[in-house]
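For reference, input.txt is printed below; it contains compact mmCIF, C-alpha atoms.
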```txt
# COMPACT_ATOMS: atom_id res chain seq x y z
CA MET A 1 20.98 34.97 -91.17
CA ARG A 2 23.20 33.84 -88.32
CA GLN A 3 25.79 32.63 -90.84
CA LEU A 4 26.45 36.25 -91.81
CA LYS A 5 28.39 36.73 -88.58
CA ALA A 6 31.13 34.53 -90.03
CA ASP A 7 31.17 36.79 -93.12
CA THR A 8 31.46 39.97 -91.06
CA VAL A 9 35.14 40.38 -91.88
CA SER A 10 37.26 43.16 -93.35
CA ALA A 11 37.31 41.52 -96.79
CA ASN A 12 33.53 42.04 -97.02
CA LEU A 13 33.51 45.57 -95.58
CA ILE A 14 32.20 48.05 -98.19
CA ALA A 15 31.49 51.19 -96.13
CA THR A 16 32.06 52.71 -92.70
CA SER A 17 30.83 55.77 -90.87
CA ASN A 18 31.46 57.16 -87.41
CA ASN A 19 29.97 60.03 -85.44
CA GLN A 20 28.81 60.79 -81.90
CA TYR A 21 26.42 57.83 -82.07
CA GLY A 22 29.23 55.38 -82.77
CA PRO A 23 30.55 53.36 -85.69
CA ILE A 24 28.47 51.95 -88.53
CA CYS A 25 29.87 49.21 -90.75
CA VAL A 26 28.29 47.88 -93.95
CA TYR A 27 29.26 44.44 -95.26
CA GLN A 28 28.39 42.55 -98.43
CA ASN A 29 28.83 39.04 -99.82
CA THR A 30 27.48 37.58 -103.05
CA ALA A 31 23.88 37.45 -101.81
CA TYR A 32 23.38 39.93 -98.97
CA ARG A 33 24.28 43.36 -97.64
CA TRP A 34 24.12 43.98 -93.91
CA LEU A 35 24.88 46.53 -91.22
CA THR A 36 26.49 46.25 -87.82
CA LEU A 37 27.24 48.81 -85.15
CA ALA A 38 30.19 46.74 -83.89
CA GLN A 39 33.55 48.45 -84.43
CA ASN A 40 35.62 45.33 -84.03
CA ALA A 41 34.61 42.43 -86.28
CA GLN A 42 36.15 40.02 -83.76
CA SER A 43 33.83 41.16 -80.98
CA ASP A 44 30.33 39.85 -80.34
CA ILE A 45 28.63 41.19 -83.46
CA THR A 46 25.04 42.36 -83.52
CA ILE A 47 23.67 42.54 -87.05
CA GLN A 48 21.18 45.40 -87.22
CA GLY A 49 19.64 44.61 -90.60
CA VAL A 50 20.04 42.54 -93.76
CA MET A 51 19.03 43.19 -97.36
CA SER A 52 18.90 40.68 -100.20
CA LEU A 53 20.83 41.95 -103.21
CA ASN A 54 18.40 40.23 -105.59
CA LYS A 55 15.10 41.04 -103.87
CA ASN A 56 15.58 44.27 -101.96
CA GLU A 57 11.93 44.44 -100.90
CA GLN A 58 11.96 41.21 -98.90
CA LEU A 59 12.20 41.08 -95.12
CA LEU A 60 14.49 38.15 -94.43
CA ILE A 61 14.32 37.65 -90.65
CA ALA A 62 11.22 36.39 -88.83
CA VAL A 63 11.37 39.20 -86.26
CA ASN A 64 11.27 41.82 -89.03
CA GLN A 65 8.58 39.93 -90.96
CA CYS A 66 6.35 40.17 -87.88
CA MET A 67 6.50 43.96 -88.13
CA LEU A 68 4.10 43.54 -91.08
CA LEU A 69 1.50 41.54 -89.16
CA PHE A 70 -0.78 44.58 -89.12
CA LEU A 71 -1.59 43.52 -92.71
CA LEU A 72 -3.57 40.53 -91.40
CA LYS A 73 -6.27 43.04 -90.51
CA THR A 74 -5.63 46.56 -91.66
CA ALA A 75 -7.63 49.73 -92.08
CA GLU A 76 -7.04 51.89 -95.12
CA PRO A 77 -6.01 54.52 -95.83
CA LEU A 78 -2.84 53.48 -94.03
CA ARG A 79 -1.05 56.06 -91.93
CA VAL A 80 2.24 54.52 -90.85
CA LEU A 81 4.91 55.75 -88.46
CA ASN A 82 8.19 53.82 -88.12
CA LEU A 83 10.44 54.73 -85.20
CA GLY A 84 14.01 53.66 -86.00
CA LEU A 85 15.11 53.62 -89.63
CA GLY A 86 17.97 51.11 -89.47
CA THR A 87 18.52 49.52 -92.88
CA ALA A 88 15.12 50.73 -94.17
CA GLY A 89 13.65 47.23 -94.44
CA ILE A 90 10.14 48.29 -93.37
CA GLU A 91 10.30 51.25 -95.74
CA ARG A 92 11.32 49.14 -98.75
CA ALA A 93 8.71 46.48 -97.99
CA ILE A 94 5.73 48.79 -97.45
CA HIS A 95 6.48 50.96 -100.48
CA TYR A 96 6.87 47.83 -102.63
CA LEU A 97 3.59 46.34 -101.37
CA HIS A 98 1.85 49.64 -102.11
CA ASN A 99 3.40 50.28 -105.53
CA LYS A 100 3.70 46.75 -106.91
CA THR A 101 0.96 44.62 -105.29
CA ALA A 102 -2.69 44.74 -104.23
CA TYR A 103 -1.93 44.14 -100.54
CA ILE A 104 -1.75 47.89 -99.78
CA ASN A 105 -4.02 50.04 -101.91
CA ASN A 106 -4.01 53.34 -100.07
CA LEU A 107 -0.89 54.55 -98.27
CA ALA A 108 -1.85 58.03 -97.15
CA VAL A 109 1.05 58.78 -94.81
CA PHE A 110 4.34 57.01 -94.15
CA ASP A 111 6.85 58.72 -91.86
CA SER A 112 10.07 57.40 -90.36
CA VAL A 113 12.06 58.84 -87.48
CA GLU A 114 15.82 58.40 -87.04
CA ILE A 115 18.13 60.26 -84.68
CA ASN A 116 21.41 59.40 -86.44
CA PRO A 117 22.14 61.33 -89.66
CA ALA A 118 24.82 58.80 -90.60
CA MET A 119 22.21 56.02 -90.46
CA ILE A 120 19.96 57.96 -92.83
CA SER A 121 22.87 58.44 -95.23
CA VAL A 122 23.76 54.75 -95.11
CA ALA A 123 20.12 53.78 -95.70
CA LYS A 124 19.98 56.05 -98.76
CA HIS A 125 23.29 55.01 -100.30
CA HIS A 126 23.53 51.33 -99.39
CA PHE A 127 20.05 50.03 -98.48
CA ASN A 128 17.79 51.50 -101.19
CA LEU A 129 15.71 53.77 -99.01
CA PRO A 130 12.94 54.91 -101.41
CA ALA A 131 13.82 58.35 -102.73
CA ASN A 132 10.41 59.87 -101.96
CA HIS A 133 10.21 58.57 -98.39
CA THR A 134 9.91 61.03 -95.50
CA VAL A 135 12.50 60.61 -92.73
CA HIS A 136 12.47 62.97 -89.75
CA LEU A 137 15.92 63.53 -88.26
CA GLN A 138 14.83 63.59 -84.65
CA ASN A 139 14.78 61.74 -81.36
CA ALA A 140 11.83 59.33 -81.42
CA GLU A 141 10.76 60.24 -77.89
CA LEU A 142 10.62 63.94 -78.79
CA PHE A 143 8.85 63.24 -82.09
CA VAL A 144 5.92 61.40 -80.50
CA ALA A 145 5.71 64.02 -77.75
CA THR A 146 5.09 66.70 -80.37
CA CYS A 147 3.52 64.82 -83.28
CA ALA A 148 0.51 66.48 -84.87
CA ARG A 149 -0.68 63.48 -86.92
CA THR A 150 -2.66 60.40 -85.98
CA TYR A 151 -1.33 57.05 -87.25
CA ASN A 152 -3.08 53.69 -87.49
CA VAL A 153 0.18 51.69 -87.61
CA ILE A 154 3.23 52.50 -85.49
CA THR A 155 6.28 50.24 -85.70
CA ILE A 156 9.04 50.60 -83.12
CA ASP A 157 12.44 49.04 -83.71
CA ILE A 158 14.93 51.15 -81.80
CA PHE A 159 18.14 49.51 -80.65
CA SER A 160 21.68 50.47 -79.80
CA GLY A 161 23.44 47.19 -80.46
CA ASP A 162 21.14 44.67 -78.80
CA VAL A 163 19.79 47.07 -76.14
CA HIS A 164 16.53 48.95 -76.65
CA GLN A 165 16.15 52.56 -75.57
CA ASP A 166 15.36 53.41 -71.94
CA PHE A 167 12.36 55.58 -72.84
CA LEU A 168 10.44 52.43 -73.84
CA SER A 169 10.04 51.92 -70.09
CA ASN A 170 8.66 55.43 -69.61
CA SER A 171 4.90 55.77 -69.13
CA GLU A 172 4.87 59.25 -70.67
CA PHE A 173 6.27 57.85 -73.93
CA TRP A 174 3.35 55.39 -74.18
CA GLN A 175 0.85 58.12 -73.31
CA ASN A 176 2.20 60.03 -76.29
CA ILE A 177 2.11 56.94 -78.51
CA ARG A 178 -1.52 56.46 -77.58
CA ARG A 179 -2.25 60.13 -78.35
CA CYS A 180 -0.62 59.71 -81.81
CA SER A 181 -2.54 56.54 -82.61
CA GLY A 182 -6.09 56.11 -83.85
CA LEU A 183 -8.78 54.00 -82.18
CA ASN A 184 -8.05 50.97 -84.40
CA ALA A 185 -4.27 51.43 -84.46
CA GLN A 186 -1.77 48.63 -84.03
CA ILE A 187 1.56 49.35 -82.33
CA ILE A 188 4.24 46.76 -83.19
CA ILE A 189 7.44 46.66 -81.13
CA ASN A 190 10.65 44.67 -81.50
CA LEU A 191 12.01 44.06 -77.99
CA ASN A 192 14.95 42.25 -76.45
CA PRO A 193 14.29 42.14 -72.70
CA LYS A 194 17.25 40.82 -70.74
CA THR A 195 15.23 39.20 -67.97
CA GLY A 196 11.75 37.89 -67.31
CA LYS A 197 11.32 40.62 -64.70
CA GLU A 198 12.07 43.31 -67.30
CA LEU A 199 9.54 41.80 -69.71
CA GLN A 200 6.91 41.57 -66.98
CA ALA A 201 7.41 45.24 -66.08
CA LEU A 202 7.01 46.24 -69.75
CA LEU A 203 3.82 44.23 -70.12
CA VAL A 204 2.34 45.84 -66.99
CA LEU A 205 3.23 49.24 -68.45
CA PHE A 206 1.73 48.40 -71.84
CA ARG A 207 -1.50 47.19 -70.27
CA GLN A 208 -1.92 50.56 -68.55
CA HIS A 209 -2.25 52.17 -71.97
CA PHE A 210 -3.63 49.47 -74.29
CA SER A 211 -6.46 46.97 -73.80
CA CYS A 212 -5.06 44.18 -75.97
CA ILE A 213 -1.57 42.68 -76.23
CA ALA A 214 -0.15 39.97 -78.48
CA LEU A 215 3.31 38.65 -77.58
CA ILE A 216 5.29 36.63 -80.13
CA GLU A 217 8.21 34.36 -79.24
CA PHE A 218 10.54 32.82 -81.82
CA ASN A 219 12.38 29.53 -82.12
CA GLU A 220 15.79 30.94 -83.07
CA TYR A 221 15.79 34.52 -81.79
CA LYS A 222 15.88 36.01 -78.30
CA ASN A 223 13.87 39.01 -79.46
CA ILE A 224 10.15 39.13 -78.95
CA VAL A 225 7.60 41.14 -80.90
CA VAL A 226 4.77 42.77 -78.97
CA ILE A 227 1.65 44.16 -80.66
CA LEU A 228 -0.59 46.63 -78.82
CA SER A 229 -4.08 47.84 -79.66
CA GLN A 230 -7.35 49.00 -78.16
CA GLN A 231 -9.06 46.38 -80.37
CA SER A 232 -8.85 42.58 -80.14
CA LEU A 233 -5.71 40.98 -81.59
CA VAL A 234 -6.82 37.34 -81.41
CA HIS A 235 -6.71 37.16 -85.21
CA ILE A 236 -2.91 37.30 -84.94
CA ASN A 237 -2.17 33.61 -84.62
CA LYS A 238 -0.05 31.00 -86.38
CA GLU A 239 -2.96 29.57 -88.37
CA GLU A 240 -3.97 32.96 -89.76
CA ILE A 241 -0.35 33.68 -90.69
CA ALA A 242 0.04 30.28 -92.38
CA HIS A 243 -3.09 30.84 -94.52
CA SER A 244 -2.58 34.51 -95.32
CA PRO A 245 -1.99 35.03 -99.07
CA LEU A 246 0.54 37.76 -98.30
CA PHE A 247 2.59 35.76 -95.82
CA LYS A 248 2.38 32.60 -97.94
CA THR A 249 4.23 34.59 -100.59
CA TRP A 250 6.43 36.89 -98.56
CA ALA A 251 7.22 34.85 -95.46
CA PRO A 252 6.22 31.24 -96.13
CA THR A 253 8.10 29.86 -93.11
CA LEU A 254 7.10 32.57 -90.61
CA HIS A 255 4.41 30.49 -88.91
CA ASN A 256 7.04 27.78 -88.30
CA ASP A 257 9.66 30.29 -87.14
CA ILE A 258 7.27 31.47 -84.42
CA ASN A 259 7.36 29.42 -81.24
CA SER A 260 4.26 30.83 -79.54
CA ILE A 261 1.82 33.73 -79.66
CA TYR A 262 0.24 34.80 -76.36
CA HIS A 263 -2.76 37.12 -75.97
CA ILE A 264 -3.69 39.38 -73.09
CA GLU A 265 -7.16 40.92 -73.50
```
The structure in this file should be written as structure tokens.
Amino acid sequence: MRQLKADTVSANLIATSNNQYGPICVYQNTAYRWLTLAQNAQSDITIQGVMSLNKNEQLLIAVNQCMLLFLLKTAEPLRVLNLGLGTAGIERAIHYLHNKTAYINNLAVFDSVEINPAMISVAKHHFNLPANHTVHLQNAELFVATCARTYNVITIDIFSGDVHQDFLSNSEFWQNIRRCSGLNAQIIINLNPKTGKELQALLVLFRQHFSCIALIEFNEYKNIVVILSQQSLVHINKEEIAHSPLFKTWAPTLHNDINSIYHIE
């Protein structure tokens, strides 16, 4: 999707929004629609999310595809919490898999949390956020501090541009995540640490709250995906991904897009 940066020009701009959280711009070409928080298209653009116009349900980027790796070994009924709505890719994918396939049979709860009302509006009007989906307009840190439900999948993809939120380095936040998650839960996080020291500090923090960690590095992206659980995650490996019926269909190149998967248990 890197080629979309060249198409992030005024001629392809279809919608804009601006509030206290900053500008949102939506672009579209013949095949894709995407969102950026960059105000100036000539600046260093960070694309926050991409949707195929022909197959809205697909996750197109390897980092986002890895947010579904809980489906390699999942417990149903599913109770999913997504922190950070963005372009509603996770929402479209999970609802499609539940409604149109046999990969998710029982979706008991699916909540999303988004602090920016403009982002929710854009997701509804431009990125096919399912009409019946529950989105809480709230700060993610406050939501998990007060949540009354227990989830067995929590996905965390909270960025401002290419910088993740400071509270991800806060031990109290992870205590609350652990309180909101069941014994067999998987917590899947999209991260973009700027230095090895920052990543090391995050891993030390994660290990204080979760017994098992899987860390995924990619060939073409600086982001990493980290999966946390109290149960073993060794089943999350490139071979399992390559032979999974779901990922063969939905993300046939994902196992090649992944550079390495490391386990700490």
Give me the range 84-170 of chain A side of the contact with range 181-188 of chain A, cut-off 8 Å, one line per residue showing its nearest atom pair and distance in Å at one decimal, counting all atoms listed in the file, sorted by chain and residue number, as CSV.
```
residue,atom,partner,partner_atom,distance
A:Thr150,CA,A:Ser181,CA,5.1
A:Tyr151,CA,A:Ser181,CA,4.8
A:Asn152,CA,A:Ala185,CA,4.0
A:Val153,CA,A:Gln186,CA,5.1
A:Ile154,CA,A:Ile187,CA,4.8
A:Thr155,CA,A:Ile188,CA,4.8
A:Ile156,CA,A:Ile188,CA,6.1
```
**Of the listed residues A:Asn132, A:Asn82, A:Asn170, A:Gln65, that which approaches Thr253 in chain A most closely, counting all atoms listed in the file** =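 Smallest distance to Thr253 in chain A is found for A:Gln65.
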**Request:** Check the smallest atom-to-atom distance from each of A:Ala108, A:Leu203, A:Phe127, A:Asn99 to Arg149 in chain A using all atoms listed in the file, then report the winner.
**Result:**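 Of all the options, A:Ala108 lies closest to Arg149 in chain A.
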Extending 5 Å beyond the listed atoms of range 188-202 of chain A on each side, what axis-aligned box results? I want centre and edge lengths in Å to one decimal, as AutoDock Vina command-line options.
```
--center_x 10.7 --center_y 42.3 --center_z -73.9 --size_x 23.0 --size_y 18.9 --size_z 28.5
```
**Item:** Contacts of range 237-252 of chain A at 12 Å (only C-alpha atoms; same-chain gap of 6+ positions) as a PyMOL selection string
**Value:** chain A and resi 55+57-73+93-94+96-97+101-104+214-218+227+258-263
Write a file of the just-selected residues containing C-alpha atoms, as a PDB file, in the coordinates of the input.
```pdb
ATOM      1  CA  LYS A  55      15.100  41.040-103.870  1.00  0.00           C
ATOM      2  CA  GLU A  57      11.930  44.440-100.900  1.00  0.00           C
ATOM      3  CA  GLN A  58      11.960  41.210 -98.900  1.00  0.00           C
ATOM      4  CA  LEU A  59      12.200  41.080 -95.120  1.00  0.00           C
ATOM      5  CA  LEU A  60      14.490  38.150 -94.430  1.00  0.00           C
ATOM      6  CA  ILE A  61      14.320  37.650 -90.650  1.00  0.00           C
ATOM      7  CA  ALA A  62      11.220  36.390 -88.830  1.00  0.00           C
ATOM      8  CA  VAL A  63      11.370  39.200 -86.260  1.00  0.00           C
ATOM      9  CA  ASN A  64      11.270  41.820 -89.030  1.00  0.00           C
ATOM     10  CA  GLN A  65       8.580  39.930 -90.960  1.00  0.00           C
ATOM     11  CA  CYS A  66       6.350  40.170 -87.880  1.00  0.00           C
ATOM     12  CA  MET A  67       6.500  43.960 -88.130  1.00  0.00           C
ATOM     13  CA  LEU A  68       4.100  43.540 -91.080  1.00  0.00           C
ATOM     14  CA  LEU A  69       1.500  41.540 -89.160  1.00  0.00           C
ATOM     15  CA  PHE A  70      -0.780  44.580 -89.120  1.00  0.00           C
ATOM     16  CA  LEU A  71      -1.590  43.520 -92.710  1.00  0.00           C
ATOM     17  CA  LEU A  72      -3.570  40.530 -91.400  1.00  0.00           C
ATOM     18  CA  LYS A  73      -6.270  43.040 -90.510  1.00  0.00           C
ATOM     19  CA  ALA A  93       8.710  46.480 -97.990  1.00  0.00           C
ATOM     20  CA  ILE A  94       5.730  48.790 -97.450  1.00  0.00           C
ATOM     21  CA  TYR A  96       6.870  47.830-102.630  1.00  0.00           C
ATOM     22  CA  LEU A  97       3.590  46.340-101.370  1.00  0.00           C
ATOM     23  CA  THR A 101       0.960  44.620-105.290  1.00  0.00           C
ATOM     24  CA  ALA A 102      -2.690  44.740-104.230  1.00  0.00           C
ATOM     25  CA  TYR A 103      -1.930  44.140-100.540  1.00  0.00           C
ATOM     26  CA  ILE A 104      -1.750  47.890 -99.780  1.00  0.00           C
ATOM     27  CA  ALA A 214      -0.150  39.970 -78.480  1.00  0.00           C
ATOM     28  CA  LEU A 215       3.310  38.650 -77.580  1.00  0.00           C
ATOM     29  CA  ILE A 216       5.290  36.630 -80.130  1.00  0.00           C
ATOM     30  CA  GLU A 217       8.210  34.360 -79.240  1.00  0.00           C
ATOM     31  CA  PHE A 218      10.540  32.820 -81.820  1.00  0.00           C
ATOM     32  CA  ILE A 227       1.650  44.160 -80.660  1.00  0.00           C
ATOM     33  CA  ILE A 258       7.270  31.470 -84.420  1.00  0.00           C
ATOM     34  CA  ASN A 259       7.360  29.420 -81.240  1.00  0.00           C
ATOM     35  CA  SER A 260       4.260  30.830 -79.540  1.00  0.00           C
ATOM     36  CA  ILE A 261       1.820  33.730 -79.660  1.00  0.00           C
ATOM     37  CA  TYR A 262       0.240  34.800 -76.360  1.00  0.00           C
ATOM     38  CA  HIS A 263      -2.760  37.120 -75.970  1.00  0.00           C
TER      39      HIS A 263
END
```
**Item:** Point-to-point distance in Å for CA of Ala88 in chain A and CA of Glu76 in chain A
**Value:**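 According to the coordinates, CA of Glu76 in chain A and CA of Ala88 in chain A are separated by 22.2 Å.
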**Item:** One-decimal distance in Å that lies between CA of Pro130 in chain A and CA of His95 in chain A
**Value:**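 Here the two named atoms are 7.6 Å from each other.
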**Request:** Kindly indicate which residue among A:Met119, A:Leu202, A:Leu254, A:Ala75 lies nearest to Thr36 in chain A, using all atoms listed in the file for the distances.
**Result:** A:Met119
Contacts of Ile213 in chain A at 8 Å or less, counting only C-alpha atoms, minus same-chain residues fewer than 2 places along, as a short mmCIF file (atom, residue, chain, number, x, y, z; two decimals) with C-alpha atoms, in the frame of the given file?
```
data_model
loop_
_atom_site.label_atom_id
_atom_site.label_comp_id
_atom_site.auth_asym_id
_atom_site.auth_seq_id
_atom_site.Cartn_x
_atom_site.Cartn_y
_atom_site.Cartn_z
CA PHE A 206 1.73 48.40 -71.84
CA ARG A 207 -1.50 47.19 -70.27
CA PHE A 210 -3.63 49.47 -74.29
CA SER A 211 -6.46 46.97 -73.80
CA LEU A 215 3.31 38.65 -77.58
CA VAL A 226 4.77 42.77 -78.97
CA ILE A 227 1.65 44.16 -80.66
CA LEU A 228 -0.59 46.63 -78.82
CA SER A 229 -4.08 47.84 -79.66
CA LEU A 233 -5.71 40.98 -81.59
CA HIS A 263 -2.76 37.12 -75.97
CA ILE A 264 -3.69 39.38 -73.09
CA GLU A 265 -7.16 40.92 -73.50
#
```
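You can rank A:Ala118, A:Asn54, A:Thr134, A:Gln230 by their closest distance to Ser17 in chain A using all atoms listed in the file, and at the top of that list sits A:Ala118.
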**Pairwise distance for CA of Leu137 in chain A and CA of Ile115 in chain A, rounded to one decimal in Å** = 5.3 Å
**Fill in**
Among A:Arg79, A:His136, A:Arg178, A:Lys222, Gln208 in chain A is approached most closely, using all atoms listed in the file, by A:Arg178
